[in-house]
Structures are given as structure tokens and as C-alpha cells.
>>> print(open('data-v4.pdb').read())   # PDB, C-alpha atoms and all ligand atoms
MODEL        1
ATOM      1  CA  MET A   1       0.000   0.000   0.000
ATOM      2  CA  VAL A   2       1.377   3.443  -0.937
ATOM      3  CA  GLU A   3       0.353   6.463   1.147
ATOM      4  CA  PHE A   4       0.002   9.952  -0.332
ATOM      5  CA  GLU A   5       0.346  12.913   2.021
ATOM      6  CA  SER A   6      -1.701  16.032   1.316
ATOM      7  CA  GLN A   7      -3.901  18.588   3.050
ATOM      8  CA  PHE A   8      -6.781  16.133   2.581
ATOM      9  CA  PRO A   9      -7.576  12.878   4.411
ATOM     10  CA  ARG A  10      -4.923  10.232   3.726
ATOM     11  CA  VAL A  11      -5.278   8.401   0.401
ATOM     12  CA  ASP A  12      -3.982   4.813   0.293
ATOM     13  CA  ILE A  13      -3.417   3.200  -3.093
ATOM     14  CA  ARG A  14      -2.947  -0.492  -3.822
ATOM     15  CA  PRO A  15      -3.212  -2.716  -6.914
ATOM     16  CA  TYR A  16      -6.699  -3.922  -7.825
ATOM     17  CA  GLN A  17      -7.715  -7.428  -6.697
ATOM     18  CA  ALA A  18     -10.516  -9.558  -8.160
ATOM     19  CA  SER A  19     -12.468  -9.124  -4.915
ATOM     20  CA  ASP A  20     -12.690  -5.360  -5.615
ATOM     21  CA  LEU A  21     -14.935  -5.957  -8.643
ATOM     22  CA  ASP A  22     -18.356  -5.209  -7.143
ATOM     23  CA  GLY A  23     -17.022  -2.160  -5.305
ATOM     24  CA  VAL A  24     -15.516  -0.589  -8.424
ATOM     25  CA  ILE A  25     -18.651  -1.297 -10.498
ATOM     26  CA  ASP A  26     -20.811   0.338  -7.837
ATOM     27  CA  LEU A  27     -18.443   3.318  -7.619
ATOM     28  CA  PHE A  28     -18.371   3.694 -11.433
ATOM     29  CA  VAL A  29     -22.178   3.730 -11.668
ATOM     30  CA  ARG A  30     -22.496   6.309  -8.883
ATOM     31  CA  ALA A  31     -19.730   8.519 -10.305
ATOM     32  CA  VAL A  32     -21.429   8.522 -13.715
ATOM     33  CA  ARG A  33     -24.961   9.002 -12.378
ATOM     34  CA  GLU A  34     -24.142  11.599  -9.716
ATOM     35  CA  SER A  35     -21.133  13.510 -11.068
ATOM     36  CA  ALA A  36     -21.392  13.287 -14.838
ATOM     37  CA  SER A  37     -25.120  14.069 -14.942
ATOM     38  CA  GLU A  38     -24.244  17.762 -14.790
ATOM     39  CA  TYR A  39     -22.804  17.500 -18.292
ATOM     40  CA  TYR A  40     -24.904  14.821 -20.023
ATOM     41  CA  SER A  41     -28.595  14.085 -20.679
ATOM     42  CA  PRO A  42     -30.468  11.319 -18.800
ATOM     43  CA  ALA A  43     -30.382   9.148 -21.954
ATOM     44  CA  GLN A  44     -26.610   9.598 -22.260
ATOM     45  CA  ILE A  45     -26.123   8.785 -18.575
ATOM     46  CA  ASP A  46     -28.229   5.605 -18.906
ATOM     47  CA  ALA A  47     -26.119   4.509 -21.885
ATOM     48  CA  TRP A  48     -22.828   5.252 -20.122
ATOM     49  CA  ALA A  49     -23.724   3.698 -16.760
ATOM     50  CA  GLN A  50     -24.342   0.177 -18.112
ATOM     51  CA  THR A  51     -21.914  -2.496 -16.934
ATOM     52  CA  ASP A  52     -21.440  -6.172 -17.731
ATOM     53  CA  ARG A  53     -19.918  -7.904 -14.712
ATOM     54  CA  GLU A  54     -18.013 -10.544 -16.723
ATOM     55  CA  GLU A  55     -16.582  -7.964 -19.128
ATOM     56  CA  TRP A  56     -15.547  -5.779 -16.226
ATOM     57  CA  HIS A  57     -13.897  -8.702 -14.449
ATOM     58  CA  ALA A  58     -11.813  -9.489 -17.544
ATOM     59  CA  ALA A  59     -10.995  -5.850 -18.307
ATOM     60  CA  ARG A  60      -9.834  -4.996 -14.797
ATOM     61  CA  LEU A  61      -7.458  -7.975 -14.696
ATOM     62  CA  SER A  62      -6.170  -7.396 -18.252
ATOM     63  CA  ARG A  63      -4.176  -4.269 -17.363
ATOM     64  CA  PRO A  64      -2.717  -2.543 -14.315
ATOM     65  CA  THR A  65      -5.535  -1.098 -12.198
ATOM     66  CA  TRP A  66      -5.262   0.692  -8.858
ATOM     67  CA  VAL A  67      -7.823   1.259  -6.137
ATOM     68  CA  ALA A  68      -7.748   4.208  -3.705
ATOM     69  CA  PHE A  69      -9.049   4.237  -0.141
ATOM     70  CA  THR A  70      -9.698   7.035   2.308
ATOM     71  CA  ASP A  71     -10.637   6.076   5.857
ATOM     72  CA  ASP A  72     -10.673   2.412   4.713
ATOM     73  CA  GLU A  73     -13.445   3.206   2.243
ATOM     74  CA  LEU A  74     -13.100   2.619  -1.502
ATOM     75  CA  ALA A  75     -12.767   6.136  -2.924
ATOM     76  CA  GLY A  76     -11.612   5.675  -6.522
ATOM     77  CA  PHE A  77      -9.949   3.526  -9.149
ATOM     78  CA  ALA A  78      -7.949   3.986 -12.335
ATOM     79  CA  ASP A  79      -6.120   1.931 -14.935
ATOM     80  CA  VAL A  80      -3.616   2.242 -17.760
ATOM     81  CA  HIS A  81      -3.175   0.261 -20.973
ATOM     82  CA  LYS A  82       0.240  -0.766 -22.311
ATOM     83  CA  ASN A  83      -0.002   2.002 -24.934
ATOM     84  CA  GLY A  84      -0.438   4.665 -22.225
ATOM     85  CA  LEU A  85      -4.227   4.981 -22.490
ATOM     86  CA  ILE A  86      -5.917   5.812 -19.189
ATOM     87  CA  ASP A  87      -9.325   4.285 -19.785
ATOM     88  CA  MET A  88     -10.714   4.456 -16.254
ATOM     89  CA  MET A  89     -10.411   7.302 -13.729
ATOM     90  CA  PHE A  90     -13.387   7.418 -11.386
ATOM     91  CA  VAL A  91     -13.801   8.823  -7.892
ATOM     92  CA  GLU A  92     -16.654   8.227  -5.483
ATOM     93  CA  PRO A  93     -18.836  11.402  -5.515
ATOM     94  CA  ARG A  94     -18.537  12.093  -1.789
ATOM     95  CA  HIS A  95     -14.731  11.829  -1.974
ATOM     96  CA  GLN A  96     -14.239  14.147  -4.943
ATOM     97  CA  ARG A  97     -11.987  17.228  -4.719
ATOM     98  CA  LYS A  98      -9.880  15.602  -1.999
ATOM     99  CA  GLY A  99      -6.931  14.637  -4.189
ATOM    100  CA  VAL A 100      -7.974  11.015  -4.799
ATOM    101  CA  ALA A 101      -7.646  11.143  -8.605
ATOM    102  CA  THR A 102      -4.364  13.056  -8.285
ATOM    103  CA  ALA A 103      -3.001  10.237  -6.087
ATOM    104  CA  LEU A 104      -4.224   7.584  -8.550
ATOM    105  CA  LEU A 105      -2.533   9.429 -11.414
ATOM    106  CA  ALA A 106       0.724   9.534  -9.415
ATOM    107  CA  SER A 107       0.612   5.707  -9.244
ATOM    108  CA  ILE A 108      -0.038   5.515 -12.994
ATOM    109  CA  GLU A 109       2.868   7.860 -13.714
ATOM    110  CA  GLU A 110       5.204   5.898 -11.461
ATOM    111  CA  HIS A 111       4.228   2.683 -13.289
ATOM    112  CA  ALA A 112       4.608   4.403 -16.677
ATOM    113  CA  GLU A 113       8.080   5.674 -15.884
ATOM    114  CA  LYS A 114       9.218   2.256 -14.606
ATOM    115  CA  ASN A 115       7.914   0.653 -17.786
ATOM    116  CA  GLY A 116       9.394   3.129 -20.250
ATOM    117  CA  MET A 117       6.081   4.693 -21.241
ATOM    118  CA  ARG A 118       6.772   8.255 -22.373
ATOM    119  CA  VAL A 119       3.262   9.506 -23.127
ATOM    120  CA  LEU A 120      -0.064   9.031 -21.334
ATOM    121  CA  HIS A 121      -3.348   9.770 -23.053
ATOM    122  CA  THR A 122      -7.026   9.639 -22.207
ATOM    123  CA  TYR A 123     -10.447  10.161 -23.745
ATOM    124  CA  ALA A 124     -11.698  12.658 -21.202
ATOM    125  CA  SER A 125     -15.324  13.380 -20.454
ATOM    126  CA  LEU A 126     -16.522  16.983 -20.203
ATOM    127  CA  GLY A 127     -16.500  16.692 -16.416
ATOM    128  CA  SER A 128     -12.980  15.311 -16.146
ATOM    129  CA  GLN A 129     -11.278  17.777 -18.519
ATOM    130  CA  PRO A 130     -10.390  20.282 -15.733
ATOM    131  CA  PHE A 131      -8.831  17.504 -13.670
ATOM    132  CA  PHE A 132      -6.634  16.287 -16.532
ATOM    133  CA  GLU A 133      -5.641  19.874 -17.399
ATOM    134  CA  TYR A 134      -4.715  20.468 -13.746
ATOM    135  CA  CYS A 135      -2.468  17.382 -13.972
ATOM    136  CA  GLY A 136      -0.631  18.632 -17.064
ATOM    137  CA  PHE A 137      -2.577  16.991 -19.896
ATOM    138  CA  THR A 138      -3.198  19.017 -23.049
ATOM    139  CA  MET A 139      -6.134  18.586 -25.399
ATOM    140  CA  LEU A 140      -5.311  17.218 -28.841
ATOM    141  CA  LEU A 141      -8.821  17.144 -30.259
ATOM    142  CA  ALA A 142     -12.509  17.123 -29.400
ATOM    143  CA  ARG A 143     -14.687  14.591 -31.196
ATOM    144  CA  ALA A 144     -18.064  12.882 -30.961
ATOM    145  CA  VAL A 145     -18.288   9.140 -30.275
ATOM    146  CA  GLU A 146     -21.330   6.881 -30.176
ATOM    147  CA  VAL A 147     -21.913   4.610 -27.175
ATOM    148  CA  ARG A 148     -24.998   2.363 -27.090
ATOM    149  CA  GLY A 149     -26.876   4.635 -29.464
ATOM    150  CA  GLN A 150     -25.926   7.922 -27.729
ATOM    151  CA  ARG A 151     -23.455  10.506 -29.036
ATOM    152  CA  PHE A 152     -20.910  11.852 -26.572
ATOM    153  CA  ALA A 153     -18.358  14.635 -26.709
ATOM    154  CA  GLN A 154     -14.946  13.129 -26.079
ATOM    155  CA  LEU A 155     -11.717  15.034 -25.531
ATOM    156  CA  VAL A 156      -8.501  13.336 -26.584
ATOM    157  CA  MET A 157      -5.834  14.558 -24.141
ATOM    158  CA  GLU A 158      -2.194  13.616 -23.599
ATOM    159  CA  LYS A 159       0.665  14.193 -21.209
ATOM    160  CA  VAL A 160       4.299  13.736 -22.185
ATOM    161  CA  LEU A 161       6.157  12.391 -19.144
TER
HETATM  162  C1  LIG B 201     -12.746  13.705 -12.785
HETATM  163  C2  LIG B 201     -12.550  13.022 -11.426
HETATM  164  C3  LIG B 201     -11.905  11.650 -11.636
HETATM  165  C4  LIG B 201     -11.634  13.915 -10.554
HETATM  166  O1  LIG B 201     -11.421  13.255  -9.296
HETATM  167  P1  LIG B 201     -11.048  14.039  -7.942
HETATM  168  O2  LIG B 201     -10.506  13.054  -6.968
HETATM  169  O3  LIG B 201     -12.214  14.843  -7.503
HETATM  170  O4  LIG B 201      -9.886  15.016  -8.447
HETATM  171  P2  LIG B 201      -8.792  15.750  -7.501
HETATM  172  O5  LIG B 201      -9.377  16.028  -6.161
HETATM  173  O6  LIG B 201      -7.519  14.966  -7.532
HETATM  174  O7  LIG B 201      -8.634  17.132  -8.314
HETATM  175  C5  LIG B 201      -7.383  17.771  -8.514
HETATM  176  C6  LIG B 201      -7.627  19.098  -9.190
HETATM  177  O8  LIG B 201      -8.251  18.883 -10.487
HETATM  178  C7  LIG B 201      -9.180  19.970 -10.746
HETATM  179  N1  LIG B 201     -10.555  19.454 -10.744
HETATM  180  C8  LIG B 201     -10.984  18.212 -10.375
HETATM  181  N2  LIG B 201     -12.330  18.107 -10.545
HETATM  182  C9  LIG B 201     -12.739  19.303 -11.011
HETATM  183  C10 LIG B 201     -14.030  19.831 -11.368
HETATM  184  N3  LIG B 201     -15.151  19.072 -11.299
HETATM  185  N4  LIG B 201     -14.109  21.116 -11.812
HETATM  186  C11 LIG B 201     -13.004  21.885 -11.892
HETATM  187  N5  LIG B 201     -11.757  21.444 -11.574
HETATM  188  C12 LIG B 201     -11.637  20.174 -11.141
HETATM  189  C13 LIG B 201      -9.005  20.966  -9.591
HETATM  190  O9  LIG B 201      -7.964  21.866  -9.945
HETATM  191  C14 LIG B 201      -8.547  20.033  -8.467
HETATM  192  O10 LIG B 201      -7.834  20.737  -7.457
HETATM  193  P3  LIG B 201      -8.656  21.560  -6.321
HETATM  194  O11 LIG B 201      -9.759  20.648  -5.827
HETATM  195  O12 LIG B 201      -7.609  21.842  -5.273
HETATM  196  O13 LIG B 201      -9.205  22.783  -6.974
HETATM  197  C15 LIG B 201     -13.913  12.870 -10.685
HETATM  198  O14 LIG B 201     -14.557  14.137 -10.651
HETATM  199  C16 LIG B 201     -14.873  11.879 -11.312
HETATM  200  O15 LIG B 201     -14.839  10.687 -11.022
HETATM  201  N6  LIG B 201     -15.771  12.385 -12.190
HETATM  202  C17 LIG B 201     -16.861  11.592 -12.788
HETATM  203  C18 LIG B 201     -16.405  10.516 -13.710
HETATM  204  C19 LIG B 201     -15.547  10.961 -14.884
HETATM  205  O16 LIG B 201     -15.932  11.833 -15.671
HETATM  206  N7  LIG B 201     -14.390  10.296 -14.986
HETATM  207  C20 LIG B 201     -13.451  10.475 -16.045
HETATM  208  C21 LIG B 201     -13.769   9.577 -17.200
HETATM  209  S1  LIG B 201     -12.557   9.848 -18.452
ENDMDL
END
>>> encode(input="data-v4.pdb", output="C-alpha cells", more="lines below")
Ligand SMILES: CC(C)(COP(=O)(O)OP(=O)(O)OC[C@H]1O[C@@H](n2cnc3c(N)ncnc32)[C@H](O)[C@@H]1OP(=O)(O)O)[C@@H](O)C(=O)NCCC(=O)NCCS
Amino acid sequence: MVEFESQFPRVDIRPYQASDLDGVIDLFVRAVRESASEYYSPAQIDAWAQTDREEWHAARLSRPTWVAFTDDELAGFADVHKNGLIDMMFVEPRHQRKGVATALLASIEEHAEKNGMRVLHTYASLGSQPFFEYCGFTMLLARAVEVRGQRFAQLVMEKVL
């Protein structure tokens, strides 16, 4: 477990384990429904918030994934693909703006540097753009993508390490 010191409650980060699956699915659904609903329509939120447990199980174990805890409570999770794509970066709504995502990104960057990855990129949502900008990502392009019949604005952002 790695501890990150900040002005906020302590954030502990450890690698994802298979037993974290239901917790991260629940957190993902709440983060999308409660935090992203400011930026997207109810139909878009319904399309985005769908999860398939088996697919999630396989995806989480297929690449490095980290889980964050504050006060022993699951507060966030994030992953990174071999090509530097951060696909998942989600924080429990009641733990947002406490540095949880910043701590998760620090773990991703440490992993990237150890593994010779020179560039990280992500397909940011409208709500996460300010976070990625704060962390030094720049926007390469804005595009529309279709997910389960709904069109979404997606921001392709990258950070050179
Ligand atoms: C985006 C998200 C992961 C950020 O997590 P977080 O733990 O709240 O982020 P942090 O506390 O580490 O934020 C660090 C800095 O980023 C910026 N930031 C983060 N969220 C922000 C917001 N909603 N609006 C403006 N700036 C924001 C701020 O500068 C913040 O520092 P400050 O709180 O001292 O002002 C979280 O809001 C979330 O899960 N959102 C919903 C799901 C989502 O869109 N995920 C991304 C999919 S690509």
C-alpha cells in the first residue's frame, strides 16, 4: 500500500484485486450518475452507466488497475493500458476534490516511468477535462463518439512524461 500525504484525508493506493470488482462497479455507476449528470442528458447517462460484470472482471485484470481508499473506504480507481491509455479514472462522488484522482494518477505515472512509457493519453469526459488539465494533460482534439446509441463529446488529451 502506498500512502500519499496532502492537506486532505490520507489516500492509500494499492493494486486492484478480483475481490474489488463489485465495489468498483458500484463506484463507477455512482460517479457517472451523480457527477457526470451535470454534463450529459439522462439518456446519455443511462447509456454510459451500463456495466457487464463478466466484461468488467476481464478488463480490470487485463491491465494494471489501482484502487484508492480514504478512511478504509473505496474512494476511486484507475487503470492504464500498455499504450499509455488511461481508460478508467473514477472517484466516489462524496470523496471528490480531496486529491484522490491526483493520487491515482501519481501511481499511474510511477508505473509508466518504470515501464518506459513516455506519453499518457485519455479520452476525457466533459466533467474530467479540468482535472486532466490540472495534472498537465493538453487537449489534442474534441470529437463525438457513439456509445450504445448515444453521441458523446470526447476530448482526446495527452501528457508527455
Ligand atoms: C474527474 C474526477 C476523476 C476527478 O477526481 P477528484 O478526486 O475529484 O480530483 P482531484 O481532487 O484529484 O482534483 C485535482 C484538481 O483537479 C481539478 N478538478 C478536479 N475536478 C474538477 C471539477 N469538477 N471542476 C473543476 N476542476 C476540477 C481541480 O484543480 C482540483 O484541485 P482543487 O480541488 O484543489 O481545486 C472525478 O470528478 C470523477 O470521477 N468524475 C466523474 C467521472 C468521470 O468523468 N471520470 C473520467 C472519465 S474519463
>>> residues_near_ligand(input="data-v4.pdb", ligand="ligand LIG 201 (chain B)", cutoff="7 Å", atoms="all atoms listed in the file", output="PyMOL selection string")
chain A and resi 31-32+35-36+87-93+95-103+122-128+130-132+134-135
>>> residues_near_point(input="data-v4.pdb", point="(-18.7, 4.0, -5.8)", cutoff="8 Å", atoms="all atoms listed in the file", output="ChimeraX atom specification")
/A:23-31,74-76,91-93
>>> residues_around(input="data-v4.pdb", residues="A:Asn115", least_positions_apart="2", cutoff="12 Å", atoms="all atoms listed in the file", output="PyMOL selection string")
chain A and resi 64+80-84+108-113+117-119+161
>>> closest_residue(input="data-v4.pdb", among="A:Leu21, A:Asp52, A:Phe77, A:Arg33", to="A:Ser107", atoms="only C-alpha atoms")
A:Phe77
>>> atom_distance(input="data-v4.pdb", atom1="atom CA of A:Leu155", atom2="atom CA of A:Asp22")
28.1 Å
>>> residues_around(input="data-v4.pdb", residues="A:Pro15", least_positions_apart="5", cutoff="9 Å", atoms="all atoms listed in the file", output="list of chain:residue names")
A:Met1, A:Pro64, A:Thr65, A:Trp66, A:Val67, A:Ala68
>>> residues_around(input="data-v4.pdb", residues="A:Phe152", least_positions_apart="2", cutoff="12 Å", atoms="all atoms listed in the file", output="PyMOL selection string")
chain A and resi 36+39-41+43-45+47-48+123-126+142-150+154-155
>>> atom_distance(input="data-v4.pdb", atom1="atom CA of A:Arg94", atom2="atom CA of A:Ser37")
14.8 Å
>>> build_atoms(input="data-v4.pdb", residues="stretch 60-96 of chain A", atoms="N, CA and C atoms", output="PDB file, keeping the file's coordinate frame")
ATOM      1  N   ARG A  60     -10.616  -5.486 -15.936  1.00  0.00           N
ATOM      2  CA  ARG A  60      -9.834  -4.996 -14.797  1.00  0.00           C
ATOM      3  C   ARG A  60      -8.564  -5.811 -14.608  1.00  0.00           C
ATOM      4  N   LEU A  61      -8.641  -7.134 -14.888  1.00  0.00           N
ATOM      5  CA  LEU A  61      -7.458  -7.975 -14.696  1.00  0.00           C
ATOM      6  C   LEU A  61      -6.524  -7.945 -15.903  1.00  0.00           C
ATOM      7  N   SER A  62      -6.975  -7.358 -17.021  1.00  0.00           N
ATOM      8  CA  SER A  62      -6.170  -7.396 -18.252  1.00  0.00           C
ATOM      9  C   SER A  62      -5.100  -6.312 -18.278  1.00  0.00           C
ATOM     10  N   ARG A  63      -5.155  -5.369 -17.363  1.00  0.00           N
ATOM     11  CA  ARG A  63      -4.176  -4.269 -17.363  1.00  0.00           C
ATOM     12  C   ARG A  63      -4.020  -3.743 -15.936  1.00  0.00           C
ATOM     13  N   PRO A  64      -2.908  -3.050 -15.670  1.00  0.00           N
ATOM     14  CA  PRO A  64      -2.717  -2.543 -14.315  1.00  0.00           C
ATOM     15  C   PRO A  64      -3.867  -1.613 -13.914  1.00  0.00           C
ATOM     16  N   THR A  65      -4.430  -1.900 -12.746  1.00  0.00           N
ATOM     17  CA  THR A  65      -5.535  -1.098 -12.198  1.00  0.00           C
ATOM     18  C   THR A  65      -5.221  -0.850 -10.729  1.00  0.00           C
ATOM     19  N   TRP A  66      -5.528   0.348 -10.257  1.00  0.00           N
ATOM     20  CA  TRP A  66      -5.262   0.692  -8.858  1.00  0.00           C
ATOM     21  C   TRP A  66      -6.570   1.114  -8.203  1.00  0.00           C
ATOM     22  N   VAL A  67      -6.666   0.818  -6.906  1.00  0.00           N
ATOM     23  CA  VAL A  67      -7.823   1.259  -6.137  1.00  0.00           C
ATOM     24  C   VAL A  67      -7.312   2.186  -5.029  1.00  0.00           C
ATOM     25  N   ALA A  68      -8.118   3.213  -4.725  1.00  0.00           N
ATOM     26  CA  ALA A  68      -7.748   4.208  -3.705  1.00  0.00           C
ATOM     27  C   ALA A  68      -8.736   4.123  -2.555  1.00  0.00           C
ATOM     28  N   PHE A  69      -8.212   4.275  -1.351  1.00  0.00           N
ATOM     29  CA  PHE A  69      -9.049   4.237  -0.141  1.00  0.00           C
ATOM     30  C   PHE A  69      -8.796   5.496   0.678  1.00  0.00           C
ATOM     31  N   THR A  70      -9.868   6.052   1.238  1.00  0.00           N
ATOM     32  CA  THR A  70      -9.698   7.035   2.308  1.00  0.00           C
ATOM     33  C   THR A  70     -10.525   6.532   3.478  1.00  0.00           C
ATOM     34  N   ASP A  71      -9.960   6.592   4.657  1.00  0.00           N
ATOM     35  CA  ASP A  71     -10.637   6.076   5.857  1.00  0.00           C
ATOM     36  C   ASP A  71     -11.148   4.654   5.628  1.00  0.00           C
ATOM     37  N   ASP A  72     -10.335   3.816   4.993  1.00  0.00           N
ATOM     38  CA  ASP A  72     -10.673   2.412   4.713  1.00  0.00           C
ATOM     39  C   ASP A  72     -11.885   2.241   3.799  1.00  0.00           C
ATOM     40  N   GLU A  73     -12.285   3.295   3.136  1.00  0.00           N
ATOM     41  CA  GLU A  73     -13.445   3.206   2.243  1.00  0.00           C
ATOM     42  C   GLU A  73     -12.964   3.361   0.804  1.00  0.00           C
ATOM     43  N   LEU A  74     -13.481   2.511  -0.088  1.00  0.00           N
ATOM     44  CA  LEU A  74     -13.100   2.619  -1.502  1.00  0.00           C
ATOM     45  C   LEU A  74     -13.493   3.999  -2.019  1.00  0.00           C
ATOM     46  N   ALA A  75     -12.508   4.747  -2.533  1.00  0.00           N
ATOM     47  CA  ALA A  75     -12.767   6.136  -2.924  1.00  0.00           C
ATOM     48  C   ALA A  75     -12.533   6.385  -4.410  1.00  0.00           C
ATOM     49  N   GLY A  76     -11.853   5.453  -5.102  1.00  0.00           N
ATOM     50  CA  GLY A  76     -11.612   5.675  -6.522  1.00  0.00           C
ATOM     51  C   GLY A  76     -10.846   4.530  -7.137  1.00  0.00           C
ATOM     52  N   PHE A  77     -10.771   4.517  -8.457  1.00  0.00           N
ATOM     53  CA  PHE A  77      -9.949   3.526  -9.149  1.00  0.00           C
ATOM     54  C   PHE A  77      -9.541   4.083 -10.506  1.00  0.00           C
ATOM     55  N   ALA A  78      -8.459   3.518 -11.040  1.00  0.00           N
ATOM     56  CA  ALA A  78      -7.949   3.986 -12.335  1.00  0.00           C
ATOM     57  C   ALA A  78      -7.119   2.872 -12.952  1.00  0.00           C
ATOM     58  N   ASP A  79      -6.929   2.952 -14.265  1.00  0.00           N
ATOM     59  CA  ASP A  79      -6.120   1.931 -14.935  1.00  0.00           C
ATOM     60  C   ASP A  79      -5.239   2.571 -16.003  1.00  0.00           C
ATOM     61  N   VAL A  80      -4.382   1.761 -16.603  1.00  0.00           N
ATOM     62  CA  VAL A  80      -3.616   2.242 -17.760  1.00  0.00           C
ATOM     63  C   VAL A  80      -3.322   1.052 -18.678  1.00  0.00           C
ATOM     64  N   HIS A  81      -3.514   1.279 -19.973  1.00  0.00           N
ATOM     65  CA  HIS A  81      -3.175   0.261 -20.973  1.00  0.00           C
ATOM     66  C   HIS A  81      -1.678   0.338 -21.278  1.00  0.00           C
ATOM     67  N   LYS A  82      -1.185  -0.731 -21.928  1.00  0.00           N
ATOM     68  CA  LYS A  82       0.240  -0.766 -22.311  1.00  0.00           C
ATOM     69  C   LYS A  82       0.631   0.413 -23.194  1.00  0.00           C
ATOM     70  N   ASN A  83      -0.317   0.900 -24.015  1.00  0.00           N
ATOM     71  CA  ASN A  83      -0.002   2.002 -24.934  1.00  0.00           C
ATOM     72  C   ASN A  83      -0.156   3.374 -24.269  1.00  0.00           C
ATOM     73  N   GLY A  84      -0.355   3.393 -22.940  1.00  0.00           N
ATOM     74  CA  GLY A  84      -0.438   4.665 -22.225  1.00  0.00           C
ATOM     75  C   GLY A  84      -1.840   5.232 -22.105  1.00  0.00           C
ATOM     76  N   LEU A  85      -2.845   4.487 -22.584  1.00  0.00           N
ATOM     77  CA  LEU A  85      -4.227   4.981 -22.490  1.00  0.00           C
ATOM     78  C   LEU A  85      -4.775   4.788 -21.074  1.00  0.00           C
ATOM     79  N   ILE A  86      -5.179   5.890 -20.459  1.00  0.00           N
ATOM     80  CA  ILE A  86      -5.917   5.812 -19.189  1.00  0.00           C
ATOM     81  C   ILE A  86      -7.391   5.713 -19.560  1.00  0.00           C
ATOM     82  N   ASP A  87      -7.932   4.517 -19.388  1.00  0.00           N
ATOM     83  CA  ASP A  87      -9.325   4.285 -19.785  1.00  0.00           C
ATOM     84  C   ASP A  87     -10.265   4.643 -18.636  1.00  0.00           C
ATOM     85  N   MET A  88      -9.860   4.287 -17.429  1.00  0.00           N
ATOM     86  CA  MET A  88     -10.714   4.456 -16.254  1.00  0.00           C
ATOM     87  C   MET A  88     -10.073   5.426 -15.258  1.00  0.00           C
ATOM     88  N   MET A  89     -10.842   6.402 -14.809  1.00  0.00           N
ATOM     89  CA  MET A  89     -10.411   7.302 -13.729  1.00  0.00           C
ATOM     90  C   MET A  89     -11.705   7.783 -13.074  1.00  0.00           C
ATOM     91  N   PHE A  90     -12.095   7.121 -12.009  1.00  0.00           N
ATOM     92  CA  PHE A  90     -13.387   7.418 -11.386  1.00  0.00           C
ATOM     93  C   PHE A  90     -13.224   7.549  -9.875  1.00  0.00           C
ATOM     94  N   VAL A  91     -13.884   8.562  -9.331  1.00  0.00           N
ATOM     95  CA  VAL A  91     -13.801   8.823  -7.892  1.00  0.00           C
ATOM     96  C   VAL A  91     -15.224   8.886  -7.328  1.00  0.00           C
ATOM     97  N   GLU A  92     -15.373   8.249  -6.194  1.00  0.00           N
ATOM     98  CA  GLU A  92     -16.654   8.227  -5.483  1.00  0.00           C
ATOM     99  C   GLU A  92     -17.136   9.677  -5.266  1.00  0.00           C
ATOM    100  N   PRO A  93     -18.389   9.996  -5.606  1.00  0.00           N
ATOM    101  CA  PRO A  93     -18.836  11.402  -5.515  1.00  0.00           C
ATOM    102  C   PRO A  93     -18.541  12.080  -4.176  1.00  0.00           C
ATOM    103  N   ARG A  94     -18.740  11.370  -3.058  1.00  0.00           N
ATOM    104  CA  ARG A  94     -18.537  12.093  -1.789  1.00  0.00           C
ATOM    105  C   ARG A  94     -17.063  12.253  -1.432  1.00  0.00           C
ATOM    106  N   HIS A  95     -16.171  11.644  -2.217  1.00  0.00           N
ATOM    107  CA  HIS A  95     -14.731  11.829  -1.974  1.00  0.00           C
ATOM    108  C   HIS A  95     -14.048  12.677  -3.045  1.00  0.00           C
ATOM    109  N   GLN A  96     -14.864  13.331  -3.902  1.00  0.00           N
ATOM    110  CA  GLN A  96     -14.239  14.147  -4.943  1.00  0.00           C
ATOM    111  C   GLN A  96     -13.678  15.443  -4.365  1.00  0.00           C
TER     112      GLN A  96
END
